[in-house]
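Presented below is the structure to which this report refers.
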Amino acid sequence: MELNLNHVDYLQVGVTAQKTMKLLPTVGRKATQKVAVADHDGVVTCFGMKKGEAVPVFKSLPGQKISRLELGGALGTPQEKIFVSSGSEVRGYTKKGKQFLTFEANLTESINAMHVSGADLFVCASYIYNHYCDCKDQDYYLSGDKINDVLCLPVETVGRIVPILACQDRVLRALQGSDLQYDVEVPGPPTVLELLNRDGGKGGEEVLYGTADGKVGLVQITKSGPITSWELDNEKKKGGVLCIDTFDIVGDGVKDILVGRDDGTVEVYGLDSSNEPMLRFENVLSESVTSIQGGCVGKEMYDEVLATTYTGWVSGLTTEPQQMVAGPGDEIKMSRETQGKVAALRAELEQLQVKVLQGREKYQQNSQSSTAVSSVPVFSINDKFTLCQDDASYSLTLEVQTAIDNLLLQSDVPIDLLDVDKNSAVVSFSECDSESNGNFLLATYRCQANTTRLELKVRSIEGQYGTLQAYVTPRLQPKTCQVRQYQIKPLSLHQRTHAIDQERPMNTLRLTGQFSFAEIHSWVVFCLPEVPEKTPAGDSITFYFQNTFLGTQLEATYCKGEANFKSDNISTISILKDVLSKEATKRKINLNTSYEVNEDSVSHTLRMIHPKLEYLLILAKKVQLIDALKELQVHEGNAGFLIPEYRSILDESAQLLEEYKKQPAHLERLYGMITDLFIDKFKFKGQNVKTKVSQLLAILNNYELDSLMEFFSEA
């Protein structure tokens with residue numbers, strides 16, 4: 001069934017956090033619902049719609065930034081009480097706006113996730129989970145990695161309290177009291193949890209999750225263990241999932257899954273006969289979607305998908321048809337209601353323009369005074385720097401509450417900027433003198449009017465580490481700028497994984513010395529991404545990683561006084577040895593280093609590089625031929641005389657050029673990896689082979705895997 005939804009804006013509040021908007025339940029299906037939304041200004045706004053206008057029910061006073069908004073109430077009754085968390089405090093409001101609860105959770109950090117179920121309150125700070133019943137402390141759990149969201153299975157259905165934590169280390173943790181019941185491994189860092197059909201399905205055990213890399217899945221949390229129902233891959237490289245809801249928007253009696261993403265995409269998935277999800281509707285808003293709900297808001301009888309965006313817009317995608325009627329001569333005329341709305345908006349716009357002019361005049365008068373000082377306007381930036389597994393690049397997303405004027409990128413390490421289709425900004429590069437001022441990249445993005453969100457992609461080189469800085473200047477007066485810093489780590493292309501293949505030939509690095517568990521952990525955090533900053537509980541820890549570019553792997557096991565690293569790539573071991581030795585020297589700690597090199601690992605790594613290198617060499621050769629073939633085609637009038645291989649190159653020239661454009665410096669990158677591998681192999685034997693690098697490059701220019709492997713073994 002085709003689904004047509006029309007976009008309508010209702011109201012704008014302040015900047016919003018994830019999951020801070022809910023629809024209050026109604027008595028009877030036909031009535032419109034009230035909307036409760038909370039923002040960074042600490043204001044809770046509750047409003048309803050009357051005759052196309054947003055009518056406030058109540059508005060709380062400003063305060064500390066609100067991180068979550070949930071609905072609650074006694075079990076078995078309508079969930080119409082509004083609970084918000086700000087700082088380490090939880091407040092409760094009735095649907096009329098009367099505050100009936102102020103509860104201080106006494107946490108050292110701010111609450112970033114919350115769930116309410118009857119008299120039970122579940123709150124999470126970065127690593128800590130707390131369960132309160134009637135505001136009395138019940139259970140406590142310290143997670144191994146950051147907690148992004150929390151949920152509890154419905155007590156009335158399941159008959160027991162089962163809290164579930166979505167943790168950054170790609171795991172859902174099901175708890176029992178203060179203990180871990182079991183882990184559920186998911187394909188990406190989970191960012192949001194939601195009960196299927198808002199009640200957990202038939203047995204109350206079905207939980208939907210969304211991940212930071214854009215995947216959506218359904219898992220059943222049973223007493224004996226987890227059962228994965230389905231997983232949706234993010235093949236189209238859409239944004240990370242920030243919010244999920246279930247609601248029957250199609251009207252076929254089966255609840256649809258509503259998904260909101262950080263690139264502004266709103267999706268509706270229906271379930272087919274085998275209960276597998278399929279996309280029914282998609283709409284892209286201009287900024288990230290922080291909350292999503294299904295219900296009836298704008299007009300009775302018309303259901304809609306309600307979404308809140310980062311800058312505070314509460315917008316609906318409604319099933320109500322657009323208010324246009326065809327007049328004589330097929331002219332499109334607006335209905336009276338719409339005409340009234342347009343007139344009211346025009347009048348409001350004129351008033352705002354007058355106010356702006358008055359404000360500017362006042363500012364000019366005041367600025368001429370000798371004692372006047374311009375106050376710097378404060379603005380929020382929502383930024384995200386994440387490693388993309390598919391193309392081994394980092395995605396930098398910057399979102400500002402007002403239009404961006406320009407962005408300056410500065411890096412003290414060599415990085416490549418990759419093309420992003422969604423990016424309409426104009427980029428210009430400045431010359432860098434890395435020796436005198438340490439700059440390897442200086443790039444300016446000039447944005448078009450009304451650009452509030454910018455997405456960039458960069459690719460780093462493993463072994464070279466430093467800082468990438470983004471200077472963000474919005475279209476505000478007086479001109480002001482904010483700086484954001486992002487660490488490029490020595491093993492920046494490695495990603496956490498649940499397990500590795502122990503059958504591969506492994507090289508081992510062993511470190512011993514007078515270092516504490518916290519010190520060695522801080523060194524691992526410095527070297528590798530996706531490692532929690534907090535020192536793990538217990539005496540020792542093991543982490544597994546995979547290189548997103550090559551597919552090689554790394555195992556890190558360490559405790560007080562000892563650390564063991566295993567990898568099938570000798571260059572990874574070499575980088576770790578150099579960086580960890582430097583860090584230990586800085587702290588005046590004496591390290592004893594021993595290593596075991598597996599000769600088979602070098603040929604194994606070369607075989608892993610081979611398919612990528614072969615593909616790129618063939619692509620480069622084809623691209624080199626395009627211009628000459630086009631010239632021949634023009635000269636001869638057609639391409640019929642060419643052999644089929646050359647004709648296919650001409651036919652696919654646009655795709656080949658596009659593909660080649662997406663891979664800047666890819667060949668050089670692979671050549672660099674092979675060269676490093678060659679140098680590192682002999683470095684561990686105490687030999688310097690830098691004089692033979694020119695011979696290696698000559699072999700690479702006439703690449704054959706067998707001759708390359710022969711050179712490695714003979715050198």
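Chain labels follow the order of the structure tokens: the first chain is A, the next B, and so on; residue numbering restarts at 1 in every chain, and ligands are counted from 1 in their shown order.
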
Output as a CSV table (one decimal) with N, CA, C and O atoms, in the first residue's frame all residues of stretch 218-427 of chain A that backbone DSSP marks as strand (DSSP E or B).
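Written output follows (selection32.csv):
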```
chain,number,residue,atom,x,y,z
A,218,LEU,N,15.5,-6.3,15.9
A,218,LEU,CA,14.5,-6.7,16.9
A,218,LEU,C,15.1,-7.9,17.6
A,218,LEU,O,15.5,-8.9,16.9
A,219,VAL,N,15.1,-7.9,18.9
A,219,VAL,CA,15.6,-9.0,19.7
A,219,VAL,C,14.6,-9.4,20.8
A,219,VAL,O,13.9,-8.5,21.3
A,220,GLN,N,14.5,-10.7,21.1
A,220,GLN,CA,13.6,-11.1,22.1
A,220,GLN,C,14.5,-11.4,23.4
A,220,GLN,O,15.4,-12.2,23.3
A,221,ILE,N,14.1,-10.8,24.5
A,221,ILE,CA,14.9,-11.0,25.7
A,221,ILE,C,14.1,-12.0,26.6
A,221,ILE,O,13.2,-11.6,27.4
A,226,PRO,N,18.9,-14.5,24.7
A,226,PRO,CA,18.3,-13.6,23.7
A,226,PRO,C,18.0,-14.4,22.4
A,226,PRO,O,18.8,-15.4,22.1
A,227,ILE,N,17.0,-14.0,21.7
A,227,ILE,CA,16.7,-14.6,20.4
A,227,ILE,C,16.6,-13.4,19.4
A,227,ILE,O,15.7,-12.5,19.5
A,228,THR,N,17.5,-13.4,18.4
A,228,THR,CA,17.5,-12.3,17.4
A,228,THR,C,16.4,-12.6,16.4
A,228,THR,O,16.4,-13.6,15.7
A,229,SER,N,15.4,-11.7,16.2
A,229,SER,CA,14.3,-11.9,15.3
A,229,SER,C,14.7,-11.5,13.9
A,229,SER,O,14.6,-12.2,12.9
A,230,TRP,N,15.2,-10.2,13.7
A,230,TRP,CA,15.7,-9.7,12.5
A,230,TRP,C,16.7,-8.5,12.7
A,230,TRP,O,16.7,-7.9,13.7
A,231,GLU,N,17.5,-8.3,11.7
A,231,GLU,CA,18.4,-7.1,11.7
A,231,GLU,C,18.3,-6.4,10.3
A,231,GLU,O,18.3,-7.1,9.3
A,232,LEU,N,18.2,-5.1,10.3
A,232,LEU,CA,18.1,-4.3,9.1
A,232,LEU,C,19.5,-3.7,8.8
A,232,LEU,O,19.9,-2.9,9.6
A,241,VAL,N,20.7,5.9,14.1
A,241,VAL,CA,19.4,6.0,14.6
A,241,VAL,C,19.3,6.7,15.9
A,241,VAL,O,20.1,6.3,16.8
A,242,LEU,N,18.5,7.7,16.1
A,242,LEU,CA,18.3,8.4,17.3
A,242,LEU,C,17.0,8.1,18.1
A,242,LEU,O,16.9,8.2,19.3
A,243,CYS,N,16.0,7.7,17.3
A,243,CYS,CA,14.7,7.4,18.0
A,243,CYS,C,13.9,6.4,17.2
A,243,CYS,O,14.0,6.4,16.0
A,244,ILE,N,13.0,5.7,17.9
A,244,ILE,CA,12.2,4.6,17.3
A,244,ILE,C,10.8,4.7,18.0
A,244,ILE,O,10.7,5.0,19.2
A,245,ASP,N,9.8,4.4,17.3
A,245,ASP,CA,8.4,4.2,17.9
A,245,ASP,C,7.7,3.2,17.0
A,245,ASP,O,8.1,2.9,15.9
A,246,THR,N,6.6,2.7,17.6
A,246,THR,CA,5.7,1.8,16.8
A,246,THR,C,4.3,2.3,16.8
A,246,THR,O,3.8,2.7,17.9
A,247,PHE,N,3.7,2.4,15.6
A,247,PHE,CA,2.3,3.0,15.5
A,247,PHE,C,1.7,2.6,14.2
A,247,PHE,O,2.5,2.5,13.2
A,256,ASP,N,3.3,-0.2,12.6
A,256,ASP,CA,4.5,0.0,11.8
A,256,ASP,C,5.6,0.6,12.7
A,256,ASP,O,5.4,1.1,13.8
A,257,ILE,N,6.8,0.4,12.2
A,257,ILE,CA,8.0,0.9,12.9
A,257,ILE,C,8.5,2.3,12.4
A,257,ILE,O,8.7,2.4,11.2
A,258,LEU,N,8.5,3.3,13.3
A,258,LEU,CA,8.9,4.6,12.9
A,258,LEU,C,10.3,4.8,13.3
A,258,LEU,O,10.7,4.6,14.5
A,259,VAL,N,11.2,5.3,12.4
A,259,VAL,CA,12.6,5.5,12.7
A,259,VAL,C,13.0,6.9,12.4
A,259,VAL,O,12.7,7.4,11.3
A,260,GLY,N,13.7,7.6,13.3
A,260,GLY,CA,14.3,8.9,13.1
A,260,GLY,C,15.8,8.8,13.2
A,260,GLY,O,16.4,8.2,14.1
A,261,ARG,N,16.5,9.5,12.2
A,261,ARG,CA,18.0,9.3,12.1
A,261,ARG,C,18.7,10.7,12.2
A,261,ARG,O,18.0,11.7,12.1
A,265,THR,N,16.6,11.8,8.3
A,265,THR,CA,15.7,10.9,7.6
A,265,THR,C,14.6,10.4,8.6
A,265,THR,O,15.0,10.0,9.7
A,266,VAL,N,13.4,10.4,8.2
A,266,VAL,CA,12.3,9.8,8.9
A,266,VAL,C,11.8,8.6,8.0
A,266,VAL,O,11.5,8.8,6.9
A,267,GLU,N,11.7,7.4,8.6
A,267,GLU,CA,11.3,6.2,7.9
A,267,GLU,C,10.1,5.5,8.5
A,267,GLU,O,10.0,5.6,9.8
A,268,VAL,N,9.3,4.9,7.7
A,268,VAL,CA,8.2,4.1,8.2
A,268,VAL,C,8.4,2.7,7.6
A,268,VAL,O,8.4,2.5,6.4
A,269,TYR,N,8.5,1.7,8.5
A,269,TYR,CA,8.7,0.3,8.0
A,269,TYR,C,7.4,-0.5,8.4
A,269,TYR,O,7.0,-0.4,9.5
A,270,GLY,N,6.9,-1.2,7.4
A,270,GLY,CA,5.8,-2.1,7.7
A,270,GLY,C,6.3,-3.5,7.8
A,270,GLY,O,7.4,-3.8,7.4
A,271,LEU,N,5.6,-4.4,8.4
A,271,LEU,CA,6.0,-5.8,8.5
A,271,LEU,C,5.2,-6.6,7.5
A,271,LEU,O,4.0,-6.5,7.4
A,277,PRO,N,10.7,-6.6,8.2
A,277,PRO,CA,10.4,-5.1,7.9
A,277,PRO,C,10.7,-4.8,6.5
A,277,PRO,O,11.6,-5.3,5.9
A,278,MET,N,9.8,-3.9,5.9
A,278,MET,CA,10.1,-3.4,4.6
A,278,MET,C,9.7,-1.9,4.6
A,278,MET,O,8.7,-1.5,5.2
A,279,LEU,N,10.5,-1.1,3.9
A,279,LEU,CA,10.3,0.4,3.9
A,279,LEU,C,9.0,0.8,3.1
A,279,LEU,O,8.8,0.4,2.0
A,280,ARG,N,8.2,1.5,3.8
A,280,ARG,CA,6.9,2.0,3.3
A,280,ARG,C,6.9,3.5,2.9
A,280,ARG,O,6.3,3.9,2.0
A,281,PHE,N,7.7,4.2,3.7
A,281,PHE,CA,7.8,5.7,3.5
A,281,PHE,C,9.1,6.2,4.0
A,281,PHE,O,9.6,5.7,4.9
A,282,GLU,N,9.5,7.3,3.3
A,282,GLU,CA,10.8,8.0,3.7
A,282,GLU,C,10.7,9.5,3.4
A,282,GLU,O,10.2,9.9,2.4
A,283,ASN,N,11.1,10.3,4.4
A,283,ASN,CA,11.1,11.7,4.2
A,283,ASN,C,12.4,12.3,4.8
A,283,ASN,O,12.8,11.8,5.9
A,284,VAL,N,13.0,13.3,4.2
A,284,VAL,CA,14.3,13.8,4.8
A,284,VAL,C,14.1,15.2,5.2
A,284,VAL,O,13.7,16.1,4.4
A,289,VAL,N,16.8,14.2,13.6
A,289,VAL,CA,15.5,13.9,14.2
A,289,VAL,C,15.8,13.3,15.6
A,289,VAL,O,16.3,12.2,15.7
A,290,THR,N,15.5,14.1,16.7
A,290,THR,CA,15.8,13.7,18.0
A,290,THR,C,14.7,12.8,18.7
A,290,THR,O,15.0,12.0,19.6
A,291,SER,N,13.5,13.0,18.3
A,291,SER,CA,12.3,12.2,18.9
A,291,SER,C,11.3,12.0,17.8
A,291,SER,O,11.1,12.8,16.9
A,292,ILE,N,10.6,10.8,17.9
A,292,ILE,CA,9.6,10.4,17.0
A,292,ILE,C,8.5,9.7,17.7
A,292,ILE,O,8.7,9.0,18.6
A,293,GLN,N,7.2,10.1,17.3
A,293,GLN,CA,6.0,9.5,17.9
A,293,GLN,C,5.0,9.3,16.8
A,293,GLN,O,4.9,10.2,15.9
A,294,GLY,N,4.1,8.3,16.9
A,294,GLY,CA,3.0,8.2,16.1
A,294,GLY,C,1.7,8.5,16.8
A,294,GLY,O,1.6,8.1,18.0
A,295,GLY,N,0.8,9.2,16.2
A,295,GLY,CA,-0.5,9.6,16.9
A,295,GLY,C,-1.3,10.5,16.1
A,295,GLY,O,-1.2,10.6,14.9
A,304,GLU,N,-0.7,10.7,12.2
A,304,GLU,CA,0.5,11.3,11.7
A,304,GLU,C,1.7,10.8,12.4
A,304,GLU,O,1.6,10.2,13.5
A,305,VAL,N,2.9,11.0,11.8
A,305,VAL,CA,4.2,10.8,12.5
A,305,VAL,C,4.7,12.1,12.9
A,305,VAL,O,4.9,13.1,12.1
A,306,LEU,N,4.9,12.3,14.2
A,306,LEU,CA,5.3,13.5,14.8
A,306,LEU,C,6.8,13.4,15.1
A,306,LEU,O,7.3,12.4,15.7
A,307,ALA,N,7.6,14.4,14.7
A,307,ALA,CA,9.1,14.4,14.9
A,307,ALA,C,9.6,15.7,15.5
A,307,ALA,O,9.0,16.7,15.2
A,308,THR,N,10.6,15.6,16.3
A,308,THR,CA,11.2,16.8,16.9
A,308,THR,C,12.6,16.8,16.3
A,308,THR,O,13.3,15.8,16.3
A,309,THR,N,13.1,18.0,15.9
A,309,THR,CA,14.4,18.1,15.3
A,309,THR,C,15.4,18.7,16.3
A,309,THR,O,15.0,19.3,17.3
A,313,TRP,N,12.3,22.1,16.3
A,313,TRP,CA,11.1,22.1,15.5
A,313,TRP,C,10.2,20.9,15.8
A,313,TRP,O,10.8,19.8,15.7
A,314,VAL,N,9.0,21.1,16.1
A,314,VAL,CA,8.0,20.0,16.3
A,314,VAL,C,7.2,19.9,15.0
A,314,VAL,O,6.4,20.8,14.7
A,315,SER,N,7.4,18.9,14.2
A,315,SER,CA,6.8,18.8,12.8
A,315,SER,C,6.0,17.5,12.7
A,315,SER,O,6.4,16.5,13.3
A,316,GLY,N,5.0,17.6,11.9
A,316,GLY,CA,4.2,16.4,11.6
A,316,GLY,C,4.3,15.9,10.2
A,316,GLY,O,4.4,16.8,9.3
A,317,LEU,N,4.2,14.6,10.0
A,317,LEU,CA,4.0,14.1,8.6
A,317,LEU,C,2.6,13.4,8.7
A,317,LEU,O,2.5,12.3,9.2
A,318,THR,N,1.7,14.1,8.2
A,318,THR,CA,0.3,13.8,8.4
A,318,THR,C,-0.4,13.1,7.2
A,318,THR,O,0.0,13.4,6.1
A,324,MET,N,-5.6,22.2,-0.6
A,324,MET,CA,-5.7,22.8,-1.9
A,324,MET,C,-6.9,22.4,-2.6
A,324,MET,O,-7.2,21.2,-2.6
A,325,VAL,N,-7.6,23.3,-3.3
A,325,VAL,CA,-8.8,22.9,-4.1
A,325,VAL,C,-8.6,23.4,-5.5
A,325,VAL,O,-8.1,24.5,-5.7
A,326,ALA,N,-9.1,22.6,-6.5
A,326,ALA,CA,-9.0,23.1,-7.9
A,326,ALA,C,-10.1,24.0,-8.2
A,326,ALA,O,-11.3,23.7,-7.9
A,332,ILE,N,-5.1,26.4,-9.0
A,332,ILE,CA,-5.0,25.8,-7.7
A,332,ILE,C,-5.3,27.0,-6.7
A,332,ILE,O,-4.6,28.0,-6.7
A,333,LYS,N,-6.3,26.8,-5.9
A,333,LYS,CA,-6.7,27.9,-4.9
A,333,LYS,C,-6.5,27.3,-3.5
A,333,LYS,O,-6.8,26.2,-3.3
A,334,MET,N,-6.1,28.2,-2.6
A,334,MET,CA,-6.0,27.8,-1.2
A,334,MET,C,-7.3,27.9,-0.5
A,334,MET,O,-8.1,28.8,-0.8
A,381,ILE,N,26.4,23.5,19.5
A,381,ILE,CA,26.9,22.6,18.3
A,381,ILE,C,26.6,21.2,18.7
A,381,ILE,O,27.0,20.7,19.8
A,382,ASN,N,26.0,20.4,17.8
A,382,ASN,CA,25.8,19.0,18.0
A,382,ASN,C,26.8,18.3,17.0
A,382,ASN,O,26.7,18.4,15.8
A,383,ASP,N,27.9,17.7,17.6
A,383,ASP,CA,28.9,17.2,16.7
A,383,ASP,C,29.1,15.7,16.9
A,383,ASP,O,28.9,15.2,18.0
A,384,LYS,N,29.6,15.0,15.9
A,384,LYS,CA,29.8,13.5,16.0
A,384,LYS,C,30.9,13.2,15.1
A,384,LYS,O,31.0,13.6,13.9
A,385,PHE,N,31.9,12.4,15.6
A,385,PHE,CA,33.1,12.0,14.9
A,385,PHE,C,33.2,10.5,15.0
A,385,PHE,O,33.6,10.0,16.0
A,386,THR,N,32.8,9.8,13.9
A,386,THR,CA,32.7,8.3,14.0
A,386,THR,C,33.4,7.6,12.9
A,386,THR,O,33.4,8.1,11.8
A,387,LEU,N,33.9,6.5,13.2
A,387,LEU,CA,34.5,5.6,12.2
A,387,LEU,C,33.5,4.8,11.4
A,387,LEU,O,32.6,4.2,12.0
A,388,CYS,N,33.5,4.9,10.1
A,388,CYS,CA,32.5,4.2,9.2
A,388,CYS,C,33.2,2.9,8.8
A,388,CYS,O,34.3,3.0,8.1
A,393,SER,N,36.6,5.2,6.8
A,393,SER,CA,36.8,6.7,6.9
A,393,SER,C,36.1,7.2,8.1
A,393,SER,O,35.3,6.5,8.7
A,394,TYR,N,36.5,8.4,8.5
A,394,TYR,CA,35.8,9.0,9.7
A,394,TYR,C,34.8,10.0,9.1
A,394,TYR,O,35.0,10.8,8.2
A,395,SER,N,33.6,9.9,9.7
A,395,SER,CA,32.5,10.9,9.3
A,395,SER,C,32.4,11.9,10.4
A,395,SER,O,32.2,11.6,11.6
A,396,LEU,N,32.6,13.2,10.0
A,396,LEU,CA,32.4,14.3,11.0
A,396,LEU,C,31.1,15.1,10.6
A,396,LEU,O,31.0,15.6,9.5
A,397,THR,N,30.2,15.0,11.6
A,397,THR,CA,28.9,15.7,11.4
A,397,THR,C,28.8,16.9,12.4
A,397,THR,O,29.0,16.7,13.6
A,398,LEU,N,28.6,18.1,11.8
A,398,LEU,CA,28.4,19.3,12.7
A,398,LEU,C,27.0,19.9,12.4
A,398,LEU,O,26.7,20.1,11.3
A,399,GLU,N,26.3,20.1,13.5
A,399,GLU,CA,25.0,20.7,13.4
A,399,GLU,C,24.9,21.8,14.4
A,399,GLU,O,25.2,21.7,15.5
A,400,VAL,N,24.4,23.0,13.8
A,400,VAL,CA,24.4,24.2,14.6
A,400,VAL,C,22.9,24.7,14.7
A,400,VAL,O,22.2,24.5,13.7
A,404,ILE,N,25.1,28.1,9.4
A,404,ILE,CA,26.6,28.1,9.4
A,404,ILE,C,27.1,29.0,8.3
A,404,ILE,O,26.6,28.9,7.1
A,405,ASP,N,28.0,29.9,8.6
A,405,ASP,CA,28.6,30.8,7.6
A,405,ASP,C,29.8,30.0,6.9
A,405,ASP,O,29.8,29.9,5.7
A,406,ASN,N,30.8,29.6,7.8
A,406,ASN,CA,31.9,28.9,7.2
A,406,ASN,C,32.5,27.9,8.3
A,406,ASN,O,32.2,28.1,9.5
A,407,LEU,N,33.3,27.0,7.8
A,407,LEU,CA,33.9,26.0,8.7
A,407,LEU,C,35.4,25.9,8.2
A,407,LEU,O,35.7,25.7,7.0
A,408,LEU,N,36.3,26.0,9.2
A,408,LEU,CA,37.7,25.9,8.9
A,408,LEU,C,38.2,24.6,9.5
A,408,LEU,O,38.0,24.3,10.7
A,409,LEU,N,38.8,23.7,8.7
A,409,LEU,CA,39.4,22.5,9.2
A,409,LEU,C,40.9,22.6,9.2
A,409,LEU,O,41.5,23.0,8.3
A,410,GLN,N,41.5,22.2,10.4
A,410,GLN,CA,43.0,22.3,10.5
A,410,GLN,C,43.4,21.0,11.1
A,410,GLN,O,42.8,20.5,12.1
A,411,SER,N,44.4,20.4,10.6
A,411,SER,CA,45.0,19.1,11.1
A,411,SER,C,46.5,19.1,11.1
A,411,SER,O,47.1,19.6,10.2
A,415,ILE,N,45.9,13.8,6.6
A,415,ILE,CA,44.6,13.1,6.4
A,415,ILE,C,44.0,13.5,5.0
A,415,ILE,O,44.3,14.6,4.5
A,416,ASP,N,43.2,12.6,4.4
A,416,ASP,CA,42.5,12.9,3.1
A,416,ASP,C,41.1,13.3,3.4
A,416,ASP,O,40.4,12.7,4.2
A,417,LEU,N,40.7,14.4,2.6
A,417,LEU,CA,39.2,14.7,2.7
A,417,LEU,C,38.5,14.0,1.5
A,417,LEU,O,39.0,14.1,0.4
A,418,LEU,N,37.4,13.3,1.9
A,418,LEU,CA,36.7,12.6,0.9
A,418,LEU,C,35.4,13.3,0.5
A,418,LEU,O,34.9,14.1,1.2
A,426,VAL,N,31.1,24.8,-0.5
A,426,VAL,CA,32.2,25.0,-1.4
A,426,VAL,C,33.5,24.9,-0.6
A,426,VAL,O,33.7,25.7,0.4
A,427,VAL,N,34.4,24.0,-1.0
A,427,VAL,CA,35.6,23.8,-0.2
A,427,VAL,C,36.8,24.4,-0.9
A,427,VAL,O,36.9,24.4,-2.2
```

*Running DSSP on the backbone, which parts of stretch 489-573 of chain A land in alpha helix (DSSP H), as an NGL selection string?*
:A and (517-527 or 570-573)

Can I get the selection written as a tab-separated table (two decimals), in the first residue's frame, with N, CA, C and O atoms?
```tsv
chain	number	residue	atom	x	y	z
A	517	PHE	N	47.35	-0.75	36.46
A	517	PHE	CA	46.27	-1.11	35.52
A	517	PHE	C	45.70	0.14	34.87
A	517	PHE	O	45.45	0.18	33.66
A	518	ALA	N	45.52	1.21	35.67
A	518	ALA	CA	44.97	2.47	35.15
A	518	ALA	C	45.91	3.10	34.12
A	518	ALA	O	45.46	3.64	33.10
A	519	GLU	N	47.23	2.98	34.35
A	519	GLU	CA	48.20	3.58	33.42
A	519	GLU	C	48.20	2.86	32.07
A	519	GLU	O	48.12	3.50	31.02
A	520	ILE	N	48.28	1.52	32.10
A	520	ILE	CA	48.29	0.78	30.84
A	520	ILE	C	46.96	0.98	30.11
A	520	ILE	O	46.92	1.09	28.88
A	521	HIS	N	45.85	1.08	30.86
A	521	HIS	CA	44.55	1.31	30.21
A	521	HIS	C	44.53	2.68	29.53
A	521	HIS	O	44.04	2.81	28.41
A	522	SER	N	45.09	3.70	30.19
A	522	SER	CA	45.11	5.05	29.58
A	522	SER	C	45.95	5.05	28.31
A	522	SER	O	45.65	5.76	27.35
A	523	TRP	N	47.02	4.21	28.24
A	523	TRP	CA	47.84	4.12	27.02
A	523	TRP	C	47.05	3.44	25.90
A	523	TRP	O	47.16	3.84	24.74
A	524	VAL	N	46.27	2.42	26.24
A	524	VAL	CA	45.45	1.73	25.23
A	524	VAL	C	44.38	2.69	24.70
A	524	VAL	O	44.10	2.73	23.50
A	525	VAL	N	43.78	3.49	25.60
A	525	VAL	CA	42.78	4.51	25.20
A	525	VAL	C	43.42	5.50	24.23
A	525	VAL	O	42.81	5.90	23.23
A	526	PHE	N	44.67	5.87	24.49
A	526	PHE	CA	45.39	6.82	23.63
A	526	PHE	C	45.63	6.23	22.24
A	526	PHE	O	45.58	6.93	21.25
A	527	CYS	N	45.87	4.90	22.18
A	527	CYS	CA	46.22	4.25	20.91
A	527	CYS	C	45.03	3.86	20.05
A	527	CYS	O	45.11	3.87	18.82
A	570	ILE	N	51.96	-7.27	11.21
A	570	ILE	CA	53.17	-6.90	11.95
A	570	ILE	C	53.29	-5.38	12.13
A	570	ILE	O	53.86	-4.89	13.11
A	571	SER	N	52.70	-4.61	11.18
A	571	SER	CA	52.76	-3.13	11.28
A	571	SER	C	51.96	-2.64	12.50
A	571	SER	O	52.34	-1.66	13.13
A	572	THR	N	50.85	-3.31	12.81
A	572	THR	CA	50.04	-2.95	13.99
A	572	THR	C	50.89	-3.11	15.25
A	572	THR	O	50.88	-2.25	16.14
A	573	ILE	N	51.62	-4.23	15.34
A	573	ILE	CA	52.48	-4.50	16.49
A	573	ILE	C	53.59	-3.45	16.57
A	573	ILE	O	53.93	-2.95	17.65
```

*Which distance in Å separates atom CA of A:Arg475 and atom CA of A:Ala425, to one decimal?*
14.5 Å

*Out of A:His115, A:Lys215, A:Lys489, A:Arg647, which residue has the shortest atom-to-atom distance to A:Lys237 when counting only C-alpha atoms?*
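Answer, going by the shortest atom-to-atom distance: A:Lys215.
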
*Leaving out A:Leu195 and any residue of its chain fewer than 4 positions from it, which residues lie within 8 Å of it when counting only C-alpha atoms, given as a ChimeraX atom specification?*
/A:153,199-201,206-208

*asked:* Applying 12 Å and only C-alpha atoms, which residues near A:Asn701 remain after dropping the ones on its own chain fewer than 4 positions away? List them as a PyMOL selection string.
replied: chain A and resi 613-614+617+621+667-668+671+694-697+705+707-708

Skipping near chain neighbours, those fewer than 2 positions away, what residues fall within 6 Å of A:Ser288 using only C-alpha atoms, listed as a PDB file with C-alpha atoms, in the first residue's frame?
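Dumped everything to selection.pdb:
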```
ATOM      1  CA  ASP A 262      20.699  11.892  12.738  1.00  0.00           C
ATOM      2  CA  ASP A 263      20.861  12.877   9.034  1.00  0.00           C
ATOM      3  CA  GLY A 264      17.209  14.041   9.155  1.00  0.00           C
ATOM      4  CA  THR A 309      14.449  18.076  15.308  1.00  0.00           C
ATOM      5  CA  TYR A 310      17.707  19.204  16.926  1.00  0.00           C
TER       6      TYR A 310
END
```

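Using only C-alpha atoms, the contacts of stretch 132-140 of chain A at a cut-off of 9 Å, with sequence neighbours closer than 4 positions omitted, comprise Phe103, Ala105, Gly118, Ala119, Asp120, Leu121, Phe122, Val123, Ile128, Gly177, Ser178 and Asp179 of chain A.
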
Selection above as a file: C-alpha atoms, as a CSV table (one decimal), in the first residue's frame:
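Output file selection.csv is given in full below:
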```csv
chain,number,residue,atom,x,y,z
A,103,PHE,CA,13.8,13.7,43.1
A,105,ALA,CA,19.3,11.0,42.4
A,118,GLY,CA,4.8,2.4,37.6
A,119,ALA,CA,6.6,3.2,40.9
A,120,ASP,CA,9.9,2.1,39.4
A,121,LEU,CA,12.4,4.7,38.1
A,122,PHE,CA,15.5,3.6,36.1
A,123,VAL,CA,18.2,6.2,35.5
A,128,ILE,CA,26.3,3.8,36.2
A,177,GLY,CA,18.6,-6.9,40.3
A,178,SER,CA,22.1,-5.5,40.5
A,179,ASP,CA,23.6,-8.4,38.5
```
